[in-house]
Amino acid sequence: MPGLKVVTQPYSASADDLKGDYSRSSLVLMQPRTEGFGLVGLEATCAGVPVLASGESGLAELIK
């Protein structure tokens with residue numbers, strides 16, 4: 001999609017890094033094949049960041 005800026009971040013277990021990433025995020029995209037439950041999606045949701053995840057994911061089941 002022209003004009004869409006996508007930035008991926010390297011793995012970090014640092015709470016400060018994650019807080020900073022979430023504060024700059026507009027959307028979190030879940031990859032259901034590699035993320036079983038979706039802890040990243042849950043953390044993003046709790047931080048107020050919209051999450052796009054499969055309806056079949058563990059995170060979607062939790063939200064339902």
# chains A, B, ... in the order shown; residues from 1 in each chain; ligands from 1
call {"tool": "residues_around", "arguments": {"residues": "Leu42 of chain A", "least_positions_apart": "4", "cutoff": "10 Å", "atoms": "only C-alpha atoms", "output": "short mmCIF file (atom, residue, chain, number, x, y, z; two decimals) with all heavy atoms, in the first residue's frame"}}
result
data_model
loop_
_atom_site.label_atom_id
_atom_site.label_comp_id
_atom_site.auth_asym_id
_atom_site.auth_seq_id
_atom_site.Cartn_x
_atom_site.Cartn_y
_atom_site.Cartn_z
N PHE A 37 -0.73 -17.62 21.90
CA PHE A 37 -1.80 -16.96 22.64
C PHE A 37 -1.95 -15.52 22.22
O PHE A 37 -3.03 -15.03 21.99
CB PHE A 37 -1.54 -17.03 24.15
CG PHE A 37 -2.45 -16.09 24.91
CD1 PHE A 37 -3.79 -16.37 25.04
CD2 PHE A 37 -1.97 -14.91 25.44
CE1 PHE A 37 -4.64 -15.50 25.71
CE2 PHE A 37 -2.81 -14.04 26.10
CZ PHE A 37 -4.13 -14.33 26.24
N GLY A 38 -0.87 -14.78 22.14
CA GLY A 38 -0.96 -13.38 21.75
C GLY A 38 -0.66 -12.44 22.90
O GLY A 38 -1.37 -11.46 23.08
N CYS A 46 -4.04 -3.61 26.39
CA CYS A 46 -4.02 -2.98 27.72
C CYS A 46 -3.40 -1.59 27.67
O CYS A 46 -3.75 -0.73 28.48
CB CYS A 46 -3.27 -3.86 28.71
SG CYS A 46 -4.15 -5.38 29.11
N ALA A 47 -2.49 -1.37 26.70
CA ALA A 47 -1.85 -0.05 26.55
C ALA A 47 -2.70 0.89 25.69
O ALA A 47 -2.32 2.04 25.48
CB ALA A 47 -0.46 -0.22 25.93
N GLY A 48 -3.84 0.39 25.18
CA GLY A 48 -4.73 1.23 24.40
C GLY A 48 -4.40 1.29 22.92
O GLY A 48 -4.90 2.15 22.20
N VAL A 49 -3.57 0.36 22.43
CA VAL A 49 -3.20 0.33 21.02
C VAL A 49 -4.13 -0.67 20.30
O VAL A 49 -4.29 -1.80 20.76
CB VAL A 49 -1.73 -0.12 20.83
CG1 VAL A 49 -1.36 -0.15 19.36
CG2 VAL A 49 -0.79 0.80 21.60
N VAL A 51 -5.40 -3.58 17.96
CA VAL A 51 -4.74 -4.83 17.57
C VAL A 51 -5.57 -5.49 16.48
O VAL A 51 -6.79 -5.60 16.59
CB VAL A 51 -4.62 -5.79 18.79
CG1 VAL A 51 -4.05 -7.13 18.36
CG2 VAL A 51 -3.77 -5.16 19.88
N GLY A 58 -5.90 -17.08 20.16
CA GLY A 58 -6.17 -17.17 21.59
C GLY A 58 -6.58 -15.83 22.16
O GLY A 58 -7.44 -15.76 23.05
N LEU A 59 -6.01 -14.75 21.65
CA LEU A 59 -6.37 -13.42 22.13
C LEU A 59 -7.83 -13.11 21.80
O LEU A 59 -8.58 -12.61 22.64
CB LEU A 59 -5.46 -12.36 21.50
CG LEU A 59 -5.77 -10.91 21.87
CD1 LEU A 59 -5.64 -10.69 23.38
CD2 LEU A 59 -4.86 -9.96 21.12
N ALA A 60 -8.26 -13.45 20.59
CA ALA A 60 -9.67 -13.23 20.21
C ALA A 60 -10.60 -14.04 21.09
O ALA A 60 -11.65 -13.55 21.51
CB ALA A 60 -9.88 -13.58 18.75
N LEU A 62 -10.05 -14.93 24.17
CA LEU A 62 -10.05 -14.29 25.49
C LEU A 62 -10.99 -13.06 25.47
O LEU A 62 -11.79 -12.88 26.39
CB LEU A 62 -8.64 -13.85 25.87
CG LEU A 62 -8.54 -13.04 27.16
CD1 LEU A 62 -8.85 -13.92 28.38
CD2 LEU A 62 -7.16 -12.42 27.29
N ILE A 63 -10.90 -12.28 24.42
CA ILE A 63 -11.72 -11.05 24.34
C ILE A 63 -13.20 -11.41 24.20
O ILE A 63 -14.05 -10.74 24.78
CB ILE A 63 -11.23 -10.17 23.19
CG1 ILE A 63 -9.85 -9.61 23.53
CG2 ILE A 63 -12.21 -9.05 22.91
CD1 ILE A 63 -9.16 -8.88 22.41
#
call {"tool": "residues_around", "arguments": {"residues": "Gly20 of chain A", "least_positions_apart": "4", "cutoff": "12 Å", "atoms": "only C-alpha atoms", "output": "list of chain:residue names"}}
result
A:Gln9, A:Ser12, A:Ser14, A:Ala15, A:Asp16, A:Arg24, A:Ser25, A:Ala44, A:Ala47
call {"tool": "select_by_dssp", "arguments": {"residues": "chain A", "states": "helix (DSSP H, G or I)", "output": "list in words"}}
result
Ala15, Asp16, Asp17, Leu18, Lys19, Gly20, Asp21, Tyr22, Ser23, Arg24, Leu39, Val40, Gly41, Leu42, Glu43, Ala44, Thr45, Cys46, Gly58, Leu59, Ala60, Glu61, Leu62 and Ile63 of chain A
call {"tool": "closest_residue", "arguments": {"among": "A:Ala53, A:Leu39, A:Thr45, A:Thr8", "to": "Asp21 of chain A", "atoms": "only C-alpha atoms"}}
result
A:Thr8
call {"tool": "select_by_dssp", "arguments": {"residues": "chain A", "states": "strand (DSSP E)", "output": "tab-separated table (two decimals) with all heavy atoms, in the first residue's frame"}}
result
chain	number	residue	atom	x	y	z
A	28	VAL	N	-1.13	-2.73	16.15
A	28	VAL	CA	-0.31	-3.92	16.30
A	28	VAL	C	-0.94	-5.02	15.46
A	28	VAL	O	-2.13	-5.29	15.57
A	28	VAL	CB	-0.21	-4.36	17.78
A	28	VAL	CG1	0.45	-5.72	17.90
A	28	VAL	CG2	0.55	-3.32	18.59
A	29	LEU	N	-0.14	-5.61	14.58
A	29	LEU	CA	-0.59	-6.72	13.74
A	29	LEU	C	-0.11	-8.02	14.35
A	29	LEU	O	1.07	-8.19	14.60
A	29	LEU	CB	-0.02	-6.60	12.32
A	29	LEU	CG	-0.38	-5.35	11.55
A	29	LEU	CD1	0.38	-5.31	10.24
A	29	LEU	CD2	-1.87	-5.29	11.30
A	51	VAL	N	-5.40	-3.58	17.96
A	51	VAL	CA	-4.74	-4.83	17.57
A	51	VAL	C	-5.57	-5.49	16.48
A	51	VAL	O	-6.79	-5.60	16.59
A	51	VAL	CB	-4.62	-5.79	18.79
A	51	VAL	CG1	-4.05	-7.13	18.36
A	51	VAL	CG2	-3.77	-5.16	19.88
A	52	LEU	N	-4.89	-5.93	15.41
A	52	LEU	CA	-5.53	-6.68	14.35
A	52	LEU	C	-5.07	-8.12	14.50
A	52	LEU	O	-3.89	-8.43	14.36
A	52	LEU	CB	-5.13	-6.13	12.98
A	52	LEU	CG	-5.76	-6.79	11.76
A	52	LEU	CD1	-7.29	-6.66	11.83
A	52	LEU	CD2	-5.24	-6.14	10.50
call {"tool": "atom_distance", "arguments": {"atom1": "atom CA of Glu61 of chain A", "atom2": "atom CA of Leu18 of chain A"}}
result
23.7 Å
call {"tool": "atom_distance", "arguments": {"atom1": "atom CA of Glu43 of chain A", "atom2": "atom CA of Val6 of chain A"}}
result
19.4 Å
call {"tool": "closest_residue", "arguments": {"among": "A:Val40, A:Glu56, A:Lys64, A:Pro50", "to": "Tyr11 of chain A", "atoms": "only C-alpha atoms"}}
result
A:Val40
